[in-house]
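Raw final_19.txt, compact mmCIF, C-alpha atoms:
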```txt
# COMPACT_ATOMS: atom_id res chain seq x y z
CA MET B 1 93.12 112.31 216.13
CA THR B 2 90.37 111.53 218.61
CA ASP B 3 90.97 112.03 222.30
CA THR B 4 90.27 108.93 224.49
CA PRO B 5 88.03 109.77 227.45
CA ARG B 6 89.81 109.59 230.77
CA THR B 7 88.36 107.11 233.29
CA THR B 8 87.36 108.38 236.66
CA LYS B 9 88.77 107.16 239.93
CA ASN B 10 85.53 105.32 240.71
CA GLN B 11 85.59 103.53 237.34
CA ARG B 12 89.15 102.40 237.88
CA ARG B 13 88.22 101.09 241.33
CA ASP B 14 85.23 99.17 239.90
CA ASP B 15 87.37 97.71 237.10
CA ALA B 16 89.94 96.56 239.64
CA ARG B 17 87.25 94.92 241.74
CA GLU B 18 85.84 93.14 238.67
CA ALA B 19 89.27 91.90 237.65
CA ALA B 20 89.89 90.63 241.17
CA ARG B 21 86.50 88.85 241.16
CA ILE B 22 87.29 87.17 237.84
CA ALA B 23 90.72 86.12 239.13
CA ARG B 24 89.16 84.66 242.29
CA GLU B 25 86.64 82.71 240.23
CA LYS B 26 89.37 81.31 237.97
CA ALA B 27 91.46 80.34 241.00
CA ALA B 28 88.47 78.63 242.57
CA LYS B 29 87.77 76.71 239.35
CA ARG B 30 91.42 75.64 239.12
CA LYS B 31 91.34 74.47 242.73
CA LYS B 32 88.12 72.56 242.18
CA LEU B 33 89.49 70.96 239.00
CA LEU B 34 92.74 69.95 240.70
CA LYS B 35 90.79 68.54 243.66
CA TRP B 36 88.98 66.15 241.26
CA LEU B 37 91.81 65.56 238.82
CA ILE B 38 94.61 64.53 241.16
CA PRO B 39 92.85 61.54 242.75
CA THR B 40 91.40 60.59 239.39
CA ILE B 41 94.85 60.48 237.81
CA ALA B 42 96.13 58.58 240.81
CA SER B 43 93.30 56.08 240.48
CA VAL B 44 94.02 55.59 236.79
CA VAL B 45 97.69 55.05 237.56
CA ILE B 46 96.86 52.58 240.34
CA VAL B 47 94.44 50.70 238.09
CA ALA B 48 97.05 50.63 235.33
CA VAL B 49 99.69 49.40 237.74
CA VAL B 50 97.38 46.76 239.23
CA ALA B 51 96.29 45.69 235.75
CA GLY B 52 99.92 45.43 234.75
CA VAL B 53 100.72 43.37 237.82
CA VAL B 54 97.71 41.11 237.23
CA TRP B 55 98.67 40.68 233.57
CA ALA B 56 102.24 39.92 234.57
CA VAL B 57 101.11 37.36 237.15
CA ILE B 58 98.80 35.68 234.64
CA ALA B 59 101.32 35.83 231.82
CA LEU B 60 104.13 34.46 233.95
CA GLN B 61 102.03 31.69 235.52
CA PRO B 62 103.08 28.27 234.27
CA ALA B 63 100.49 26.35 232.28
CA PRO B 64 98.45 23.90 234.36
CA LYS B 65 100.54 20.80 234.85
CA LYS B 66 99.41 17.68 233.03
CA GLU B 67 98.80 14.76 235.33
CA ALA B 68 100.85 11.59 235.17
CA GLY B 69 98.93 8.65 233.76
CA PRO B 70 98.91 4.89 234.21
CA LEU B 71 101.20 2.45 232.49
CA ASN B 72 99.94 1.03 229.18
CA MET B 73 97.88 4.17 228.53
CA ILE B 74 100.37 6.55 226.96
CA SER B 75 97.71 7.53 224.41
CA ASP B 76 95.09 8.05 227.18
CA GLY B 77 93.84 4.59 226.20
CA ILE B 78 94.86 0.95 226.42
CA VAL B 79 95.34 -0.89 223.12
CA PHE B 80 94.58 -4.55 222.42
CA GLU B 81 95.76 -6.67 219.50
CA SER B 82 95.77 -10.32 218.45
CA ASP B 83 98.17 -12.56 220.36
CA GLY B 84 98.57 -14.69 217.23
CA ALA B 85 96.97 -17.71 218.86
CA GLY B 86 93.30 -16.80 218.71
CA GLY B 87 93.37 -14.59 221.76
CA VAL B 88 93.70 -10.90 222.68
CA GLN B 89 96.61 -9.20 224.42
CA HIS B 90 97.32 -5.64 225.53
CA VAL B 91 100.06 -3.52 223.97
CA ALA B 92 102.52 -2.47 226.67
CA THR B 93 103.45 1.21 226.76
CA LYS B 94 105.06 3.65 229.13
CA ALA B 95 102.94 5.97 231.25
CA ILE B 96 102.35 9.61 230.43
CA ALA B 97 104.91 11.46 232.53
CA LYS B 98 103.71 14.37 234.67
CA GLY B 99 103.80 17.47 232.52
CA ALA B 100 103.96 15.50 229.25
CA ASP B 101 101.40 15.08 226.50
CA PRO B 102 99.79 11.77 225.53
CA VAL B 103 101.21 10.03 222.47
CA PRO B 104 98.53 9.09 219.91
CA THR B 105 98.43 5.46 218.85
CA THR B 106 99.84 4.80 215.40
CA PRO B 107 97.14 3.09 213.30
CA ARG B 108 97.97 -0.39 211.99
CA GLU B 109 97.89 -0.55 208.20
CA GLY B 110 95.32 -2.90 206.70
CA LEU B 111 93.42 -3.34 209.98
CA LEU B 112 90.30 -1.89 211.52
CA ASN B 113 91.68 0.43 214.20
CA ILE B 114 88.74 0.62 216.57
CA GLN B 115 88.77 3.26 219.28
CA THR B 116 86.07 3.46 221.95
CA LEU B 117 85.72 6.36 224.36
CA VAL B 118 83.60 5.01 227.18
CA ASP B 119 82.49 5.88 230.69
CA PHE B 120 82.27 2.91 233.04
CA SER B 121 79.32 4.64 234.73
CA CYS B 122 77.42 5.26 231.48
CA PRO B 123 74.27 3.14 230.80
CA ALA B 124 74.62 3.60 227.03
CA CYS B 125 78.20 2.31 227.23
CA LYS B 126 76.96 -0.70 229.16
CA GLN B 127 74.43 -1.43 226.44
CA PHE B 128 77.05 -0.99 223.70
CA GLU B 129 79.49 -3.35 225.44
CA GLU B 130 76.84 -5.97 226.09
CA ASN B 131 75.79 -5.89 222.44
CA PHE B 132 79.10 -5.57 220.62
CA SER B 133 82.12 -6.34 222.83
CA THR B 134 82.18 -10.02 221.81
CA GLN B 135 82.09 -9.10 218.11
CA ILE B 136 84.84 -6.49 218.53
CA GLN B 137 87.11 -8.77 220.54
CA GLN B 138 86.63 -11.54 217.96
CA LEU B 139 87.79 -9.16 215.22
CA VAL B 140 90.84 -8.34 217.33
CA ALA B 141 91.58 -12.00 218.13
CA GLU B 142 91.50 -13.03 214.47
CA GLY B 143 93.86 -10.19 213.51
CA THR B 144 91.31 -8.09 211.62
CA ALA B 145 91.25 -5.21 214.10
CA THR B 146 92.90 -3.52 217.04
CA LEU B 147 90.94 -2.04 219.94
CA GLU B 148 91.82 1.03 221.96
CA VAL B 149 89.70 1.74 225.03
CA ARG B 150 89.83 5.30 226.36
CA PRO B 151 88.06 5.82 229.70
CA VAL B 152 86.41 9.23 230.16
CA ALA B 153 84.25 10.53 232.99
CA ILE B 154 81.32 12.65 231.81
CA LEU B 155 78.59 11.80 234.33
CA ASP B 156 79.89 13.43 237.51
CA TYR B 157 77.23 15.84 238.86
CA ARG B 158 74.84 14.82 236.06
CA GLY B 159 74.39 11.13 236.63
CA TYR B 160 75.78 10.60 240.12
CA THR B 161 76.38 12.58 243.28
CA THR B 162 79.77 11.39 244.58
CA ASP B 163 82.14 11.75 241.61
CA TYR B 164 81.31 8.13 240.86
CA SER B 165 82.01 8.56 237.16
CA THR B 166 85.59 9.64 237.88
CA ARG B 167 86.06 6.96 240.54
CA ALA B 168 84.71 4.23 238.26
CA ASN B 169 87.08 5.19 235.48
CA ASN B 170 89.92 5.34 237.99
CA VAL B 171 89.35 1.57 238.26
CA ALA B 172 90.20 1.30 234.56
CA ALA B 173 93.44 3.21 235.09
CA CYS B 174 94.42 1.16 238.14
CA VAL B 175 93.91 -2.14 236.33
CA ALA B 176 95.70 -0.90 233.21
CA ASN B 177 98.65 0.11 235.35
CA TYR B 178 99.00 -2.98 237.55
CA ALA B 179 97.13 -5.82 235.81
CA PRO B 180 96.45 -4.93 232.15
CA GLU B 181 95.82 -8.58 231.23
CA SER B 182 92.64 -8.35 233.36
CA PHE B 183 91.38 -5.08 231.89
CA LEU B 184 88.66 -6.47 229.61
CA ASP B 185 87.34 -8.79 232.32
CA VAL B 186 87.18 -5.96 234.85
CA MET B 187 85.50 -3.66 232.33
CA ALA B 188 82.79 -6.28 231.71
CA ALA B 189 82.30 -6.70 235.48
CA MET B 190 82.04 -2.94 235.99
CA TYR B 191 79.23 -2.78 233.44
CA SER B 192 77.48 -5.83 234.91
CA ASN B 193 77.48 -4.17 238.34
CA GLN B 194 76.73 -0.66 237.14
CA PRO B 195 74.52 1.27 239.61
CA SER B 196 71.52 3.35 238.61
CA GLU B 197 72.03 6.99 237.72
CA GLY B 198 70.77 9.68 240.05
CA GLY B 199 72.37 8.31 243.20
CA PRO B 200 75.79 8.13 244.82
CA GLY B 201 77.01 5.19 242.77
CA LEU B 202 79.21 2.60 244.44
CA SER B 203 81.70 3.15 247.24
CA ASN B 204 85.40 2.51 246.67
CA SER B 205 85.21 -0.63 248.79
CA GLU B 206 82.39 -1.91 246.59
CA LEU B 207 84.49 -1.18 243.52
CA VAL B 208 87.32 -3.25 245.01
CA LYS B 209 84.88 -6.12 245.49
CA ILE B 210 83.89 -5.96 241.81
CA VAL B 211 87.55 -6.14 240.81
CA THR B 212 88.36 -9.04 243.13
CA GLY B 213 85.17 -10.77 241.98
CA THR B 214 86.76 -11.23 238.56
CA GLY B 215 89.54 -13.28 240.11
CA LEU B 216 91.96 -10.36 240.21
CA ASP B 217 93.10 -9.91 243.79
CA ASN B 218 96.03 -7.56 243.46
CA GLU B 219 97.06 -5.49 246.47
CA ASP B 220 98.36 -2.64 244.31
CA VAL B 221 95.13 -2.50 242.30
CA ASN B 222 93.00 -2.59 245.45
CA ARG B 223 94.97 0.23 247.07
CA CYS B 224 94.91 2.27 243.85
CA VAL B 225 91.11 1.98 243.67
CA SER B 226 90.66 2.79 247.36
CA ASP B 227 93.03 5.77 247.22
CA GLU B 228 91.60 7.07 243.90
CA SER B 229 95.19 7.30 242.73
CA PHE B 230 94.54 8.17 239.09
CA THR B 231 91.49 10.42 239.44
CA PRO B 232 93.52 13.54 238.48
CA TRP B 233 94.56 11.76 235.28
CA VAL B 234 90.95 10.70 234.59
CA THR B 235 89.89 14.35 234.82
CA ALA B 236 92.72 15.50 232.56
CA ALA B 237 92.17 12.73 230.00
CA THR B 238 88.45 13.47 229.90
CA ALA B 239 89.12 17.13 229.19
CA ARG B 240 91.61 16.21 226.45
CA SER B 241 89.13 13.85 224.79
CA GLY B 242 86.67 16.63 224.03
CA VAL B 243 83.79 14.15 223.89
CA ARG B 244 80.29 15.22 224.91
CA GLY B 245 78.68 11.82 224.84
CA THR B 246 79.60 8.19 225.33
CA PRO B 247 80.12 5.75 223.85
CA THR B 248 82.03 7.46 221.07
CA VAL B 249 83.27 4.87 218.57
CA ILE B 250 85.82 5.62 215.85
CA ILE B 251 87.17 3.23 213.22
CA ASN B 252 90.15 4.34 211.15
CA GLY B 253 89.33 7.97 211.84
CA THR B 254 85.62 7.73 211.02
CA GLN B 255 83.21 8.23 213.91
CA TRP B 256 80.14 6.04 214.06
CA ASP B 257 76.97 8.07 213.54
CA SER B 258 74.21 5.87 214.91
CA GLN B 259 71.59 8.19 213.40
CA ALA B 260 72.90 7.73 209.86
CA VAL B 261 73.94 4.08 210.32
CA PRO B 262 71.78 2.59 213.10
CA GLN B 263 73.38 -0.86 212.99
CA PHE B 264 76.92 -1.01 214.34
CA GLY B 265 77.57 -4.12 212.21
CA ASP B 266 76.81 -2.12 209.08
CA PHE B 267 79.32 0.54 210.18
CA VAL B 268 82.01 -2.12 210.68
CA ALA B 269 81.20 -3.69 207.31
CA SER B 270 81.47 -0.34 205.52
CA GLU B 271 84.90 0.27 207.05
CA LEU B 272 86.02 -3.22 206.01
CA LEU B 273 84.95 -2.47 202.44
CA LYS B 274 87.08 0.68 202.52
CA LEU B 275 90.10 -1.39 203.54
CA GLN B 276 89.49 -3.94 200.79
CA ALA B 277 89.23 -1.17 198.20
CA GLU B 278 92.62 0.30 199.12
```
In structure tokens, write the structure found in this file.
Amino acid sequence: MTDTPRTTKNQRRDDAREAARIAREKAAKRKKLLKWLIPTIASVVIVAVVAGVVWAVIALQPAPKKEAGPLNMISDGIVFESDGAGGVQHVATKAIAKGADPVPTTPREGLLNIQTLVDFSCPACKQFEENFSTQIQQLVAEGTATLEVRPVAILDYRGYTTDYSTRANNVAACVANYAPESFLDVMAAMYSNQPSEGGPGLSNSELVKIVTGTGLDNEDVNRCVSDESFTPWVTAATARSGVRGTPTVIINGTQWDSQAVPQFGDFVASELLKLQAE
């Protein structure tokens, strides 16, 4: 058995001092750690709480309300068909109720169901209408086709400087709502009086003059145009359309590709052949 050397009084004092120094250092480290950790934990908790509140607010927010639309445009467009006497008439429909979705038009069997998405402020739409509107309306009048016109506003901030695209297409909604029998005449007049891109477009009072110049002098239409009554619907309908360019022309679900088929008449003829082959 080996005897363990006895420590001296001085050694015991030095050991005690060293132990006290180590304890003080540990206490200081704990204090420093707690000084950083407590606010950090609090911050994390606050961020988590705020994030939870933000998530809850977002999650519990109602979806953006859909805007009410004009009469005779429940599909976001106005539909025309043969009146059976060599003319064209609109198809009466209810309006899209506020908060409701548009109701797509049911295609007519055995007919060319022509849908045009157009912007009354769009130069290319003007050219298309000037070139082909007579042909299309003749097909409708003779009972070969239906026509659905969907106004969209894609040239605000790009083509004009006063929301003219939206205001011009508000004219379409106003006429569809109060005087749908005059819609095609007003559309033609809007294209004939189309202002140049890059400027403010026409004022609301000038738009009223275009409408009344067609022979339609309807107080409700005039007020609707002046008050821009359906501009929220125009914005909503444009977003729903998803179109990036106008005119967009669709016949029986097939969109006209002017690059592949440059002549619109050829596109119509090909769709007629499809019907005849059915």
Could you list, with a cut-off of 12 Å and counting only C-alpha atoms, the residues of region 108-135 of chain B near region 75-86 of chain B, each shown with its nearest atom pair and the distance in Å rounded to one decimal, rows sorted by chain and ascending number, as CSV?
```
residue,atom,partner,partner_atom,distance
B:Arg108,CA,B:Glu81,CA,10.0
B:Leu111,CA,B:Glu81,CA,10.4
B:Leu112,CA,B:Glu81,CA,10.8
B:Asn113,CA,B:Val79,CA,9.7
B:Ile114,CA,B:Val79,CA,9.4
B:Gln115,CA,B:Val79,CA,8.7
B:Thr116,CA,B:Gly77,CA,8.9
B:Leu117,CA,B:Gly77,CA,8.5
B:Val118,CA,B:Gly77,CA,10.3
```
| field | Spatial neighbours of Ala153 (chain B), max dist 8 Å, all atoms listed in the file, sep filter under 5 positions, as a PyMOL selection string | value | chain B and resi 119-121+165-166+169+234-235+238
Hey, which bits of region 145-241 of chain B sit within 9 Å of region 99-107 of chain B, and for each residue what's the closest pair of atoms and how far apart in Å (one decimal), counting all atoms listed in the file, rows by chain and increasing number, as CSV?
```
residue,atom,partner,partner_atom,distance
B:Thr146,CA,B:Pro107,CA,8.7
B:Glu148,CA,B:Thr105,CA,8.5
B:Ala237,CA,B:Pro102,CA,8.9
```
Please list as an mmCIF file with C-alpha atoms, in the coordinates of the input every residue within 9 Å of Thr162 (chain B), counting all atoms listed in the file and excluding residues in the same chain fewer than 3 positions away.
```cif
data_model
loop_
_atom_site.group_PDB
_atom_site.id
_atom_site.type_symbol
_atom_site.label_atom_id
_atom_site.label_comp_id
_atom_site.auth_asym_id
_atom_site.auth_seq_id
_atom_site.Cartn_x
_atom_site.Cartn_y
_atom_site.Cartn_z
ATOM 1 C CA ASP B 156 79.890 13.430 237.510
ATOM 2 C CA TYR B 157 77.230 15.840 238.860
ATOM 3 C CA SER B 165 82.010 8.560 237.160
ATOM 4 C CA ARG B 167 86.060 6.960 240.540
ATOM 5 C CA GLY B 199 72.370 8.310 243.200
ATOM 6 C CA PRO B 200 75.790 8.130 244.820
ATOM 7 C CA GLY B 201 77.010 5.190 242.770
ATOM 8 C CA LEU B 202 79.210 2.600 244.440
ATOM 9 C CA SER B 203 81.700 3.150 247.240
#
```
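Taking CA of Leu275 (chain B) and CA of Gly110 (chain B) as endpoints, the distance between them is 6.3 Å.
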| field | Given only C-alpha atoms as the counted atoms, nearest of B:Leu139, B:Ala92, B:Arg17, B:Phe128 to Gln263 (chain B) | value |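 Closest residue, counting only C-alpha atoms: B:Phe128.
Here CA of Leu71 (chain B) and CA of Ser226 (chain B) stand 18.2 Å from one another.
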Mind checking which residues fall within 9 Å of Ile210 (chain B), counting all atoms listed in the file, ignoring those fewer than 5 positions away in the same chain, and posting them as a PDB file with C-alpha atoms, keeping the file's coordinate frame?
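Final output, part.pdb:
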```
ATOM      1  CA  VAL B 186      87.180  -5.960 234.850  1.00  0.00           C
ATOM      2  CA  ALA B 189      82.300  -6.700 235.480  1.00  0.00           C
ATOM      3  CA  MET B 190      82.040  -2.940 235.990  1.00  0.00           C
ATOM      4  CA  ASN B 193      77.480  -4.170 238.340  1.00  0.00           C
ATOM      5  CA  SER B 205      85.210  -0.630 248.790  1.00  0.00           C
TER       6      SER B 205
END
```
| said: If I take CA of Ser133 (chain B) and CA of Val152 (chain B), how far is one from the other in Å, to one decimal? | reply: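 CA of Ser133 (chain B) sits 17.7 Å away from CA of Val152 (chain B).
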